[in-house]
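Colleague: File input_29.cif follows (mmCIF, C-alpha atoms and all ligand atoms):
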data_entry
loop_
_atom_site.label_atom_id
_atom_site.label_comp_id
_atom_site.auth_asym_id
_atom_site.auth_seq_id
_atom_site.Cartn_x
_atom_site.Cartn_y
_atom_site.Cartn_z
CA MET A 1 0.00 0.00 0.00
CA ALA A 2 1.27 3.38 -0.88
CA PHE A 3 0.93 6.42 1.34
CA THR A 4 0.22 9.90 0.06
CA CYS A 5 1.84 12.74 1.96
CA PRO A 6 -0.76 15.34 2.97
CA TYR A 7 1.77 18.14 2.43
CA CYS A 8 3.52 17.42 -0.85
CA TYR A 9 1.12 14.72 -2.19
CA GLU A 10 4.02 12.53 -3.19
CA LYS A 11 3.51 8.83 -2.76
CA PHE A 12 5.83 6.61 -0.76
CA SER A 13 5.84 3.07 0.53
CA ARG A 14 5.83 1.66 4.03
CA ASP A 15 9.55 0.98 4.16
CA GLU A 16 10.39 4.60 3.36
CA PHE A 17 9.01 6.32 6.48
CA GLU A 18 11.59 8.47 8.24
CA PHE A 19 11.87 9.85 11.77
CA ARG A 20 13.13 13.16 13.08
CA CYS A 21 15.12 13.34 16.33
CA GLU A 22 12.95 14.80 19.11
CA SER A 23 15.67 15.94 21.48
CA PHE A 24 15.20 19.41 22.98
CA THR A 25 18.69 19.53 24.40
CA SER A 26 21.09 18.03 21.90
CA THR A 27 22.55 20.84 19.79
CA ALA A 28 24.50 18.18 17.93
CA CYS A 29 21.16 17.06 16.50
CA GLN A 30 20.31 20.47 15.00
CA GLU A 31 20.90 20.48 11.28
CA GLU A 32 20.02 22.20 8.06
CA ASP A 33 17.09 20.45 6.41
CA PRO A 34 17.21 21.16 2.67
CA LYS A 35 13.99 19.26 1.93
CA LEU A 36 11.97 21.31 4.41
CA ALA A 37 13.63 24.47 3.11
CA ARG A 38 12.56 23.57 -0.41
CA TYR A 39 9.01 22.86 0.74
CA PHE A 40 8.72 26.24 2.45
CA GLY A 41 10.55 27.99 -0.38
CA VAL A 42 13.26 29.42 1.86
CA PRO A 43 17.04 29.15 1.48
CA HIS A 44 17.68 27.54 4.88
CA TYR A 45 15.67 25.64 7.44
CA LEU A 46 17.17 24.57 10.73
CA ALA A 47 15.51 21.59 12.36
CA ASN A 48 16.30 18.51 14.36
CA ARG A 49 18.16 15.91 12.36
CA VAL A 50 16.50 13.25 10.29
CA ILE A 51 17.52 9.88 11.68
CA PRO A 52 18.89 7.84 8.80
CA ASN A 53 16.40 5.17 7.91
CA LYS A 54 19.18 2.58 7.82
CA SER A 55 20.27 3.15 11.42
CA TRP A 56 17.00 2.08 13.00
CA ARG A 57 16.12 -0.55 10.43
CA ASP A 58 19.38 -2.34 11.22
CA VAL A 59 18.63 -2.27 14.94
CA MET A 60 15.14 -3.52 14.31
CA THR A 61 16.28 -6.45 12.25
CA LYS A 62 18.87 -7.39 14.85
CA LYS A 63 16.12 -8.13 17.34
CA SER A 64 15.60 -11.84 17.01
CA LEU A 65 11.91 -11.72 16.22
CA TRP A 66 12.44 -9.42 13.29
CA LYS A 67 15.38 -11.46 12.17
CA ALA A 68 13.14 -14.48 11.83
CA PHE A 69 11.01 -12.62 9.36
CA GLY A 70 14.07 -11.25 7.63
CA LYS A 71 13.61 -8.84 4.82
CA MET A 72 9.83 -9.12 4.88
CA SER A 73 9.46 -7.52 8.29
CA ARG A 74 11.42 -4.51 7.19
CA MET A 75 8.95 -4.00 4.42
CA LEU A 76 5.90 -4.37 6.60
CA VAL A 77 6.60 -2.79 9.94
CA VAL A 78 6.85 0.87 10.81
CA PRO A 79 8.04 1.09 14.41
CA ASP A 80 6.20 3.39 16.83
CA GLU A 81 9.47 4.61 18.21
CA VAL A 82 13.12 4.62 17.15
CA LYS A 83 16.40 5.79 18.72
CA CYS A 84 18.35 8.72 17.36
CA ASP A 85 21.63 7.43 16.01
CA ARG A 86 23.44 10.53 17.27
CA CYS A 87 22.09 11.44 20.72
CA GLY A 88 20.44 8.13 21.52
CA GLY A 89 17.15 9.82 22.44
CA PRO A 90 13.80 8.21 21.56
CA SER A 91 11.73 9.60 18.69
CA ARG A 92 8.13 9.00 17.66
CA LYS A 93 8.04 11.81 15.14
CA LYS A 94 7.39 10.35 11.70
CA ILE A 95 8.10 12.46 8.67
CA CYS A 96 7.48 12.26 4.94
CA PRO A 97 10.60 10.98 3.17
CA ARG A 98 10.00 13.37 0.27
CA CYS A 99 9.34 16.76 1.91
CA HIS A 100 10.27 16.04 5.56
CA ASN A 101 7.04 17.41 7.02
CA GLU A 102 5.78 15.72 10.16
CA LEU A 103 3.09 13.13 9.61
CA PRO A 104 0.18 12.41 11.95
CA THR A 105 1.10 9.87 14.64
CA TYR A 106 -0.93 6.97 13.31
CA PHE A 107 -0.54 7.87 9.68
CA HIS A 108 0.96 4.48 8.89
CA LYS A 109 -2.02 2.70 10.43
CA ALA A 110 -4.92 4.50 8.79
CA GLU A 111 -5.61 4.65 5.13
CA SER A 112 -4.38 7.94 3.86
CA HIS A 113 -7.22 9.07 1.69
CA ILE A 114 -7.12 12.69 0.73
CA ILE A 115 -10.45 14.31 -0.01
CA SER A 116 -9.86 17.62 -1.66
CA VAL A 117 -11.98 20.75 -1.83
CA ILE A 118 -11.27 22.84 -4.89
CA GLY A 119 -12.89 25.74 -6.66
CA ALA A 120 -12.13 29.07 -8.29
CA ARG A 121 -11.65 32.21 -6.26
CA GLY A 122 -14.99 33.48 -5.04
CA SER A 123 -16.70 30.10 -5.22
CA GLY A 124 -17.00 30.06 -1.43
CA LYS A 125 -14.21 27.67 -0.45
CA THR A 126 -13.00 29.49 2.64
CA HIS A 127 -16.47 29.78 4.16
CA TYR A 128 -17.39 26.27 3.10
CA ILE A 129 -14.31 24.68 4.65
CA THR A 130 -14.85 26.62 7.87
CA VAL A 131 -18.43 25.46 8.21
CA LEU A 132 -17.78 21.93 6.95
CA ILE A 133 -15.19 21.34 9.67
CA HIS A 134 -17.46 22.85 12.29
CA GLU A 135 -20.38 20.65 11.26
CA LEU A 136 -18.15 17.59 11.23
CA LEU A 137 -16.93 18.33 14.74
CA LYS A 138 -20.41 19.18 16.00
CA ARG A 139 -22.68 16.75 14.17
CA GLY A 140 -20.40 14.08 12.77
CA TYR A 141 -21.26 11.85 15.72
CA LYS A 142 -24.74 11.37 14.26
CA LEU A 143 -23.09 9.24 11.61
CA ASP A 144 -20.59 7.81 14.08
CA ILE A 145 -17.78 9.95 12.70
CA SER A 146 -15.27 11.33 15.16
CA THR A 147 -13.01 14.07 13.96
CA ILE A 148 -9.61 14.82 15.44
CA PRO A 149 -7.36 17.66 14.30
CA GLN A 150 -3.83 16.52 13.58
CA ASP A 151 -1.60 19.02 15.29
CA VAL A 152 1.66 18.17 13.67
CA GLY A 153 4.29 20.30 12.00
CA GLU A 154 7.54 22.06 12.67
CA ASP A 155 5.88 25.37 13.41
CA ARG A 156 3.76 24.92 16.55
CA SER A 157 1.97 28.21 15.96
CA LYS A 158 0.55 26.87 12.72
CA VAL A 159 -0.86 23.53 13.77
CA THR A 160 -4.34 22.61 12.57
CA SER A 161 -6.47 23.22 15.68
CA LYS A 162 -4.82 26.56 16.43
CA ARG A 163 -5.10 27.85 12.90
CA TYR A 164 -8.64 26.62 12.46
CA SER A 165 -9.84 28.28 15.60
CA GLU A 166 -7.96 31.57 15.21
CA GLU A 167 -8.30 32.19 11.50
CA TYR A 168 -11.56 30.49 10.61
CA LYS A 169 -13.89 29.54 13.40
CA ARG A 170 -13.60 32.49 15.79
CA PRO A 171 -13.94 35.28 13.24
CA LEU A 172 -16.84 33.68 11.35
CA LEU A 173 -18.75 31.63 13.88
CA ASP A 174 -18.02 33.48 17.13
CA ARG A 175 -17.74 37.06 15.92
CA GLY A 176 -19.98 36.89 12.84
CA GLU A 177 -17.41 38.39 10.49
CA GLU A 178 -17.28 37.48 6.82
CA LEU A 179 -13.89 35.92 6.10
CA THR A 180 -11.82 38.06 3.80
CA LYS A 181 -8.63 37.27 1.99
CA THR A 182 -6.68 39.34 4.47
CA THR A 183 -7.86 37.49 7.57
CA ILE A 184 -6.60 34.16 6.32
CA ALA A 185 -2.85 33.86 6.39
CA LYS A 186 -1.62 32.63 3.05
CA ASP A 187 0.67 29.84 3.99
CA LEU A 188 1.48 26.41 2.81
CA ASN A 189 0.12 24.34 5.62
CA PRO A 190 -3.01 22.29 5.06
CA LEU A 191 -5.60 21.68 7.75
CA ILE A 192 -5.44 17.97 8.53
CA TYR A 193 -8.07 15.94 10.36
CA GLN A 194 -8.34 12.29 11.10
CA ILE A 195 -11.82 10.88 11.02
CA THR A 196 -12.70 7.52 12.47
CA SER A 197 -15.76 5.31 12.66
CA SER A 198 -16.51 2.61 15.19
CA GLN A 199 -18.93 0.89 12.84
CA LYS A 200 -18.27 -2.74 12.05
CA GLY A 201 -18.04 -4.01 8.53
CA PHE A 202 -15.47 -6.21 6.87
CA GLY A 203 -13.27 -4.44 4.37
CA LYS A 204 -14.67 -1.07 5.37
CA THR A 205 -12.40 1.90 6.01
CA LYS A 206 -12.50 2.89 9.70
CA ALA A 207 -10.03 5.75 9.68
CA LEU A 208 -8.83 8.25 7.16
CA TYR A 209 -7.34 11.70 6.81
CA LEU A 210 -9.07 14.73 5.45
CA VAL A 211 -6.78 17.35 4.02
CA PHE A 212 -8.03 20.86 3.35
CA TYR A 213 -5.91 23.24 1.35
CA ASP A 214 -7.66 26.55 1.43
CA THR A 215 -5.92 28.20 -1.48
CA ALA A 216 -4.68 25.43 -3.76
CA GLY A 217 -4.62 26.75 -7.28
CA GLU A 218 -7.65 28.97 -6.95
CA ASN A 219 -6.47 31.71 -9.25
CA PHE A 220 -5.42 29.32 -12.01
CA HIS A 221 -2.59 31.55 -13.14
CA ASP A 222 0.41 30.89 -10.96
CA ASP A 223 2.36 27.95 -12.41
CA GLN A 224 3.69 26.80 -9.07
CA GLU A 225 0.21 26.80 -7.58
CA LEU A 226 -1.24 25.01 -10.57
CA LYS A 227 1.27 22.23 -10.32
CA LYS A 228 0.42 21.80 -6.70
CA LEU A 229 -3.29 21.78 -7.51
CA ALA A 230 -2.72 19.07 -10.10
CA ASN A 231 -0.93 16.91 -7.55
CA TYR A 232 -3.54 17.57 -4.91
CA VAL A 233 -6.39 16.57 -7.21
CA ALA A 234 -4.59 13.66 -8.84
CA ASN A 235 -3.79 12.09 -5.48
CA SER A 236 -7.24 12.58 -4.01
CA SER A 237 -9.60 9.70 -3.35
CA GLY A 238 -12.50 12.07 -3.73
CA ILE A 239 -13.04 15.60 -4.98
CA ILE A 240 -15.47 18.21 -3.73
CA PHE A 241 -15.61 20.65 -6.62
CA LEU A 242 -17.14 23.86 -5.40
CA LEU A 243 -18.92 25.84 -8.12
CA ASP A 244 -20.20 29.35 -7.72
CA THR A 245 -23.94 29.19 -8.31
CA PHE A 246 -24.03 32.96 -8.81
CA GLN A 247 -21.93 32.54 -11.95
CA ILE A 248 -24.46 30.34 -13.74
CA PRO A 249 -25.71 32.81 -16.39
CA HIS A 250 -29.37 31.96 -15.75
CA ILE A 251 -28.97 32.56 -12.00
CA LYS A 252 -26.77 35.60 -12.41
CA ASN A 253 -29.36 37.31 -14.56
CA SER A 254 -32.27 36.42 -12.30
CA LEU A 255 -30.44 37.56 -9.19
CA ARG A 256 -29.45 40.80 -10.87
CA SER A 257 -32.94 41.59 -12.04
CA ALA A 258 -34.14 40.94 -8.51
CA GLY A 259 -31.77 43.69 -7.41
CA ASN A 260 -28.87 41.66 -6.03
CA ALA A 261 -25.37 42.92 -6.64
CA ILE A 262 -23.42 40.06 -8.16
CA THR A 263 -19.76 40.64 -8.77
CA GLU A 264 -18.22 39.40 -11.97
CA SER A 265 -15.63 36.75 -11.13
CA GLY A 266 -14.28 36.67 -14.65
CA ILE A 267 -14.18 32.89 -14.56
CA ASP A 268 -17.18 30.87 -15.57
CA PHE A 269 -17.49 27.61 -13.70
CA GLN A 270 -17.49 25.45 -16.78
CA GLY A 271 -14.18 27.01 -17.72
CA VAL A 272 -12.83 26.26 -14.27
CA PHE A 273 -13.69 22.60 -14.56
CA GLN A 274 -12.13 22.45 -18.00
CA GLN A 275 -8.97 24.15 -16.77
CA VAL A 276 -8.49 21.72 -13.92
CA TYR A 277 -9.06 18.81 -16.23
CA ASN A 278 -6.66 20.10 -18.89
CA LEU A 279 -4.08 20.53 -16.19
CA LEU A 280 -4.42 16.92 -15.07
CA GLU A 281 -4.14 15.82 -18.68
CA LYS A 282 -1.06 17.90 -19.27
CA GLN A 283 0.65 16.44 -16.22
CA GLY A 284 -0.23 12.95 -17.41
CA LEU A 285 -2.39 12.43 -14.34
CA VAL A 286 -5.50 11.24 -16.12
CA LYS A 287 -5.78 8.69 -18.88
CA LEU A 288 -6.95 9.95 -22.21
CA LYS A 289 -10.28 8.51 -23.28
CA ALA A 290 -10.82 6.64 -20.01
CA ARG A 291 -13.16 8.08 -17.39
CA SER A 292 -11.65 8.73 -13.99
CA PRO A 293 -13.14 6.50 -11.25
CA VAL A 294 -12.49 9.12 -8.53
CA PRO A 295 -15.84 10.22 -7.05
CA ILE A 296 -16.43 13.87 -7.81
CA ALA A 297 -19.09 15.92 -6.03
CA LEU A 298 -20.11 18.90 -8.16
CA THR A 299 -21.16 21.20 -5.38
CA PHE A 300 -23.06 24.40 -6.03
CA SER A 301 -22.44 26.93 -3.28
CA LYS A 302 -24.57 29.82 -1.94
CA ILE A 303 -27.78 27.92 -2.70
CA ASP A 304 -29.54 30.02 -0.01
CA GLU A 305 -30.03 32.86 -2.50
CA VAL A 306 -31.46 30.48 -5.08
CA ILE A 307 -34.04 29.38 -2.53
CA ARG A 308 -34.70 32.89 -1.23
CA ASN A 309 -35.27 34.24 -4.74
CA ASN A 310 -37.49 31.33 -5.73
CA LEU A 311 -35.24 30.12 -8.50
CA LEU A 312 -35.88 26.45 -7.83
CA ASP A 313 -37.88 24.59 -10.37
CA ASP A 314 -41.50 24.71 -9.34
CA ASP A 315 -42.24 21.45 -11.08
CA ILE A 316 -40.01 19.61 -8.69
CA GLU A 317 -42.29 19.16 -5.73
CA ASP A 318 -40.74 18.96 -2.35
CA PHE A 319 -37.39 19.91 -3.70
CA SER A 320 -34.86 18.01 -1.62
CA ILE A 321 -32.42 20.84 -0.99
CA ARG A 322 -34.99 22.99 0.75
CA LYS A 323 -34.65 20.74 3.78
CA ASN A 324 -31.54 19.92 5.69
CA SER A 325 -29.93 16.48 5.49
CA LYS A 326 -32.17 13.75 6.89
CA TYR A 327 -29.28 11.56 8.06
CA LEU A 328 -28.41 14.19 10.63
CA GLU A 329 -31.72 13.56 12.35
CA GLU A 330 -32.02 9.85 11.78
CA GLY A 331 -28.52 8.76 12.63
CA PHE A 332 -28.03 6.46 9.68
CA TYR A 333 -27.14 6.94 6.08
CA ASP A 334 -29.54 6.06 3.33
CA GLN A 335 -27.92 6.23 -0.07
CA ALA A 336 -31.27 7.06 -1.65
CA GLU A 337 -31.37 10.42 0.12
CA LEU A 338 -28.31 11.82 -1.58
CA GLU A 339 -29.21 10.19 -4.87
CA GLU A 340 -32.41 12.20 -4.76
CA VAL A 341 -30.53 15.40 -3.98
CA SER A 342 -28.17 14.76 -6.86
CA HIS A 343 -31.02 13.95 -9.20
CA ASP A 344 -32.86 17.15 -8.24
CA MET A 345 -29.75 19.29 -8.63
CA ARG A 346 -29.03 17.72 -11.99
CA SER A 347 -32.53 18.52 -13.25
CA LEU A 348 -32.11 22.03 -11.98
CA LEU A 349 -28.91 22.41 -13.96
CA THR A 350 -30.69 21.20 -17.06
CA LEU A 351 -33.37 23.76 -16.46
CA TRP A 352 -30.68 26.39 -16.15
CA GLU A 353 -29.36 25.30 -19.53
CA GLU A 354 -26.20 23.72 -18.26
CA GLU A 355 -26.51 20.37 -20.05
CA GLY A 356 -23.18 21.03 -21.70
CA PHE A 357 -21.48 21.18 -18.35
CA ILE A 358 -23.12 17.95 -17.19
CA ALA A 359 -22.13 16.14 -20.37
CA GLY A 360 -18.55 17.36 -20.03
CA VAL A 361 -18.22 16.22 -16.44
CA GLU A 362 -19.85 12.86 -17.01
CA SER A 363 -17.68 12.09 -20.00
CA LYS A 364 -14.59 12.48 -17.81
CA PHE A 365 -15.67 10.99 -14.48
CA SER A 366 -17.59 7.78 -13.95
CA GLN A 367 -18.79 8.59 -10.41
CA THR A 368 -20.51 11.95 -10.30
CA ALA A 369 -23.11 13.56 -8.10
CA TYR A 370 -24.54 17.08 -7.87
CA PHE A 371 -25.11 18.95 -4.66
CA GLY A 372 -26.41 22.31 -3.53
CA VAL A 373 -25.06 23.70 -0.30
CA SER A 374 -25.11 26.85 1.71
CA ALA A 375 -22.33 27.45 4.20
CA LEU A 376 -23.83 30.63 5.61
CA GLY A 377 -27.58 30.49 4.94
CA ALA A 378 -27.58 34.09 3.69
CA THR A 379 -25.38 36.68 2.05
CA PRO A 380 -23.29 38.64 4.56
CA LYS A 381 -24.18 42.33 4.82
CA GLY A 382 -21.46 44.90 5.31
CA GLY A 383 -18.99 42.16 6.10
CA LYS A 384 -21.17 40.73 8.87
CA ILE A 385 -23.21 37.58 9.19
CA GLU A 386 -24.55 37.16 12.70
CA ASP A 387 -26.59 34.04 12.27
CA VAL A 388 -24.82 31.35 10.28
CA ARG A 389 -27.30 28.69 9.15
CA PRO A 390 -25.61 25.98 7.14
CA LEU A 391 -27.65 23.88 4.75
CA ARG A 392 -26.54 20.45 3.53
CA VAL A 393 -22.82 21.21 3.81
CA LEU A 394 -21.94 17.65 4.80
CA ASP A 395 -23.71 16.03 1.83
CA PRO A 396 -20.79 16.01 -0.64
CA LEU A 397 -18.40 14.66 1.97
CA VAL A 398 -20.76 11.94 3.21
CA TRP A 399 -21.45 10.85 -0.35
CA ILE A 400 -17.72 10.55 -1.07
CA LEU A 401 -17.08 8.73 2.22
CA ASP A 402 -19.65 6.15 1.28
CA LYS A 403 -18.23 5.80 -2.24
CA ILE A 404 -14.74 5.12 -0.96
CA GLY A 405 -15.94 2.50 1.51
CA PHE A 406 -15.87 4.41 4.78
CA ALA A 407 -17.95 2.62 7.42
CA LEU A 408 -21.17 4.63 7.83
CA PRO A 409 -24.14 3.46 9.88
CA LYS A 410 -26.84 2.17 7.56
CA LYS A 411 -30.24 0.72 8.14
N1 LIG A 501 -25.12 33.85 0.07
C1 LIG A 501 -24.00 33.19 0.39
N2 LIG A 501 -22.80 33.76 0.16
C2 LIG A 501 -21.70 33.05 0.49
C3 LIG A 501 -21.76 31.74 1.04
N3 LIG A 501 -20.50 31.30 1.24
C4 LIG A 501 -19.67 32.27 0.82
N4 LIG A 501 -20.39 33.33 0.36
C5 LIG A 501 -19.85 34.61 -0.17
O1 LIG A 501 -19.11 34.33 -1.35
C6 LIG A 501 -17.95 35.13 -1.44
C7 LIG A 501 -16.72 34.27 -1.66
O2 LIG A 501 -16.54 33.40 -0.55
P1 LIG A 501 -15.11 32.82 -0.14
O3 LIG A 501 -15.34 31.77 0.89
O4 LIG A 501 -14.18 33.92 0.21
O5 LIG A 501 -14.66 32.17 -1.52
P2 LIG A 501 -13.21 31.60 -1.93
O6 LIG A 501 -12.53 32.70 -2.68
O7 LIG A 501 -13.49 30.43 -2.82
O8 LIG A 501 -12.49 31.22 -0.69
C8 LIG A 501 -17.91 35.93 -0.15
O9 LIG A 501 -18.39 37.22 -0.42
C9 LIG A 501 -18.86 35.21 0.78
O10 LIG A 501 -19.51 36.07 1.68
C10 LIG A 501 -23.05 31.17 1.28
O11 LIG A 501 -23.22 30.05 1.78
N5 LIG A 501 -24.13 31.95 0.93
MG MG A 502 -10.62 31.78 0.04
ZN ZN A 503 19.24 13.19 18.29
ZN ZN A 504 5.68 15.09 1.83
#
In structure tokens, write the structure found in this file.
Modeller:
Amino acid sequence: MAFTCPYCYEKFSRDEFEFRCESFTSTACQEEDPKLARYFGVPHYLANRVIPNKSWRDVMTKKSLWKAFGKMSRMLVVPDEVKCDRCGGPSRKKICPRCHNELPTYFHKAESHIISVIGARGSGKTHYITVLIHELLKRGYKLDISTIPQDVGEDRSKVTSKRYSEEYKRPLLDRGEELTKTTIAKDLNPLIYQITSSQKGFGKTKALYLVFYDTAGENFHDDQELKKLANYVANSSGIIFLLDTFQIPHIKNSLRSAGNAITESGIDFQGVFQQVYNLLEKQGLVKLKARSPVPIALTFSKIDEVIRNNLLDDDIEDFSIRKNSKYLEEGFYDQAELEEVSHDMRSLLTLWEEEGFIAGVESKFSQTAYFGVSALGATPKGGKIEDVRPLRVLDPLVWILDKIGFALPKK
């Protein structure tokens, strides 16, 4: 089984894990780390030394038990703890062999699925991610999902739980402030969460990592960022593709004639999808002519305004996205619920004359579903939104979790 690093998205195998010395006192173990420096794009990075893989593997194989298994054991086992070859201190800090970033403690035990959230600037990613994480933490238990932030990384001031609470949750959900580009520090670190399920089920995934990169490739211009986006998407087990509902021409016009000020993003969402796909093709990350089996959730954001302005199709009685997700009340997942949502959204898109988009997506991906979500429940006014009322934000994630075999409670 290959592992995918949540920082650099490179793949590596079990026998390649590395450890970093954890000594606080040994100055002899302080060294330049060129791989970390490259990752952060700085000329130098001083960190504790990387313990050569060979030094602890040799010790491991000398222990009689391991010896009995010989070479095999070295391939299969990642020790919980190793000794630093220089200072002799114990270390449990696992790092990626490619970029040297610290990996979550049990990374080698869980499946490392990356579920990515992507979308053009203005599609609502920052608000969506903020609310999605909050809903997962608050309501995930209804589907037996527990969510634990993975506070790992060289810079302790930038670990997941600290950054999430200071830059995302507190401003938006405690102080009611719309999140602006300036409030979110633009840095390279993803927010990483482990989610686990205690459901039984043979062959089901019980633990995986969710990796959220708030900015990955959103402006589609910067080459460096685009390359990273391509890697992020290509190594994902599932994609939540956020699309700005306000940029659907039909919706844009209706909202404008109803007196709403809609800013021109300059990127139409069909173009965004095409750009991401071309990028994957160019990098050789998708096969020509074969549909990708990666589940992709085409997720239309800001659906609150569509509902408020009565732009839902009146022929569709009891339109599913008017109500919040049923599984949050019932405590089990019924596949039919999200199939209905997807079906309704798909008809809506047809009504909005977006068949071309649907055909394009479905010719490239074999597992598709359409969702409508609202992170906020309303448009912020003057940079404020006091009462955040999310609608169906967990749907795309839950659908993907089910598709990739995560153990969800079912009837
Ligand atoms: N009506 C409404 N507006 C939203 C929602 N989520 C985000 N927005 C607005 O959409 C704009 C872009 O959101 P943002 O999260 O910054 O998008 P990003 O550039 O993709 O990160 C902001 O003005 C938000 O206030 C929502 O659920 N409903
Ligand atoms: Mg943003
Ligand atoms: Zn050491
Ligand atoms: Zn890495």
Colleague: Could you check the closest approach to ligand MG 502 (chain A) for each of A:Cys29, A:Leu179, A:Ala407, A:Val77 and tell me which residue wins, using only C-alpha atoms and all ligand atoms?
Modeller: A:Leu179
Colleague: Between CA of Asp144 (chain A) and CA of Lys206 (chain A), what is the distance in Å, rounded to a tenth?
Modeller: 10.4 Å
Colleague: Considering only C-alpha atoms, state which residue in the set A:Val341, A:Leu280, A:Leu173, A:Ala28 is at the smallest distance from Ser325 (chain A).
Modeller: A:Val341
Colleague: Would you tabulate, counting all atoms listed in the file, all residues of chain A that have an atom at most 9 Å from an atom of ligand ZN 503 (chain A), showing the closest pair of atoms and their distance in Å to one decimal, sorted by chain then ascending number, as CSV?
Modeller:
residue,atom,partner,partner_atom,distance
A:Arg20,CA,A:ZN503,ZN,8.0
A:Cys21,CA,A:ZN503,ZN,4.6
A:Glu22,CA,A:ZN503,ZN,6.5
A:Ser23,CA,A:ZN503,ZN,5.5
A:Phe24,CA,A:ZN503,ZN,8.8
A:Thr25,CA,A:ZN503,ZN,8.8
A:Ser26,CA,A:ZN503,ZN,6.3
A:Thr27,CA,A:ZN503,ZN,8.5
A:Ala28,CA,A:ZN503,ZN,7.3
A:Cys29,CA,A:ZN503,ZN,4.7
A:Gln30,CA,A:ZN503,ZN,8.1
A:Asn48,CA,A:ZN503,ZN,7.2
A:Arg49,CA,A:ZN503,ZN,6.6
A:Val50,CA,A:ZN503,ZN,8.5
A:Ile51,CA,A:ZN503,ZN,7.6
A:Lys83,CA,A:ZN503,ZN,7.9
A:Cys84,CA,A:ZN503,ZN,4.7
A:Asp85,CA,A:ZN503,ZN,6.6
A:Arg86,CA,A:ZN503,ZN,5.1
A:Cys87,CA,A:ZN503,ZN,4.1
A:Gly88,CA,A:ZN503,ZN,6.1
A:Gly89,CA,A:ZN503,ZN,5.7
A:Pro90,CA,A:ZN503,ZN,8.1
A:Ser91,CA,A:ZN503,ZN,8.3
Colleague: Which residue is closest to ligand LIG 501 (chain A)? Choose from A:Asp318, A:Glu329, A:Glu354, A:Glu178 and count all atoms listed in the file.
Modeller: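 Smallest separation from ligand LIG 501 (chain A) among the options: A:Glu178.
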Colleague: Adding 4 Å on each side of the box along x, y and z that holds all listed atoms of ligand LIG 501 (chain A), could you give its centre and edge lengths in Å to one decimal, as lines of an AutoDock Vina configuration file?
Modeller:
center_x = -18.8
center_y = 33.6
center_z = -0.5
size_x = 20.6
size_y = 15.2
size_z = 12.6
Colleague: Within 7 Å of ligand MG 502 (chain A), counting only C-alpha atoms and all ligand atoms, which protein or nucleic acid residues do you find, written as a list in words?
Modeller: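 What falls inside 7 Å of ligand MG 502 (chain A) is Arg121, Gly122, Gly124, Lys125, Thr126, Lys181, Asp214 and Thr215 of chain A.
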Colleague: Separation of CA of Phe365 (chain A) and CA of Leu391 (chain A), in Å?
Modeller: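 Computed distance, CA of Phe365 (chain A) to CA of Leu391 (chain A), equals 26.1 Å.
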Colleague: Enumerate residues in contact with ligand ZN 504 (chain A): an atom-to-atom distance of at most 10 Å, counting only C-alpha atoms and all ligand atoms. Format the result as number ranges by chain.
Modeller: A: 3-12, 35-36, 39, 95-103
Colleague: What does the file look like for those residues with C-alpha atoms, as a CSV table (one decimal), keeping the file's coordinate frame?
Modeller:
chain,number,residue,atom,x,y,z
A,3,PHE,CA,0.9,6.4,1.3
A,4,THR,CA,0.2,9.9,0.1
A,5,CYS,CA,1.8,12.7,2.0
A,6,PRO,CA,-0.8,15.3,3.0
A,7,TYR,CA,1.8,18.1,2.4
A,8,CYS,CA,3.5,17.4,-0.8
A,9,TYR,CA,1.1,14.7,-2.2
A,10,GLU,CA,4.0,12.5,-3.2
A,11,LYS,CA,3.5,8.8,-2.8
A,12,PHE,CA,5.8,6.6,-0.8
A,35,LYS,CA,14.0,19.3,1.9
A,36,LEU,CA,12.0,21.3,4.4
A,39,TYR,CA,9.0,22.9,0.7
A,95,ILE,CA,8.1,12.5,8.7
A,96,CYS,CA,7.5,12.3,4.9
A,97,PRO,CA,10.6,11.0,3.2
A,98,ARG,CA,10.0,13.4,0.3
A,99,CYS,CA,9.3,16.8,1.9
A,100,HIS,CA,10.3,16.0,5.6
A,101,ASN,CA,7.0,17.4,7.0
A,102,GLU,CA,5.8,15.7,10.2
A,103,LEU,CA,3.1,13.1,9.6
Colleague: Tell me which residues come within 7 Å of (-16.3, 24.4, -8.4), as a tab-separated table (two decimals) with C-alpha atoms, in the coordinates of the input, counting all atoms listed in the file in the file's coordinates.
Modeller:
chain	number	residue	atom	x	y	z
A	118	ILE	CA	-11.27	22.84	-4.89
A	119	GLY	CA	-12.89	25.74	-6.66
A	120	ALA	CA	-12.13	29.07	-8.29
A	123	SER	CA	-16.70	30.10	-5.22
A	241	PHE	CA	-15.61	20.65	-6.62
A	242	LEU	CA	-17.14	23.86	-5.40
A	243	LEU	CA	-18.92	25.84	-8.12
A	244	ASP	CA	-20.20	29.35	-7.72
A	269	PHE	CA	-17.49	27.61	-13.70
A	273	PHE	CA	-13.69	22.60	-14.56
A	298	LEU	CA	-20.11	18.90	-8.16
A	299	THR	CA	-21.16	21.20	-5.38
Colleague: Kindly indicate which residue among A:Gln283, A:Ala37, A:Trp56, A:Val211 lies nearest to Asp15 (chain A), using all atoms listed in the file for the distances.
Modeller: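 Between A:Gln283, A:Ala37, A:Trp56, A:Val211, the residue approaching Asp15 (chain A) most closely is A:Trp56.
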Colleague: How would you write, as a PyMOL selection string, the set of residues no farther than 10 Å from ligand LIG 501 (chain A) when counting only C-alpha atoms and all ligand atoms?
Modeller: chain A and resi 117-131+177-181+184+214-215+218-219+242-246+262-263+265+300-306+308+372-385+388-391+393
Colleague: Using all atoms listed in the file, which of A:Lys142, A:Lys326, A:Lys94, A:Arg291 sits nearest Val361 (chain A)?
Modeller: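 Of all the options, A:Arg291 lies closest to Val361 (chain A).
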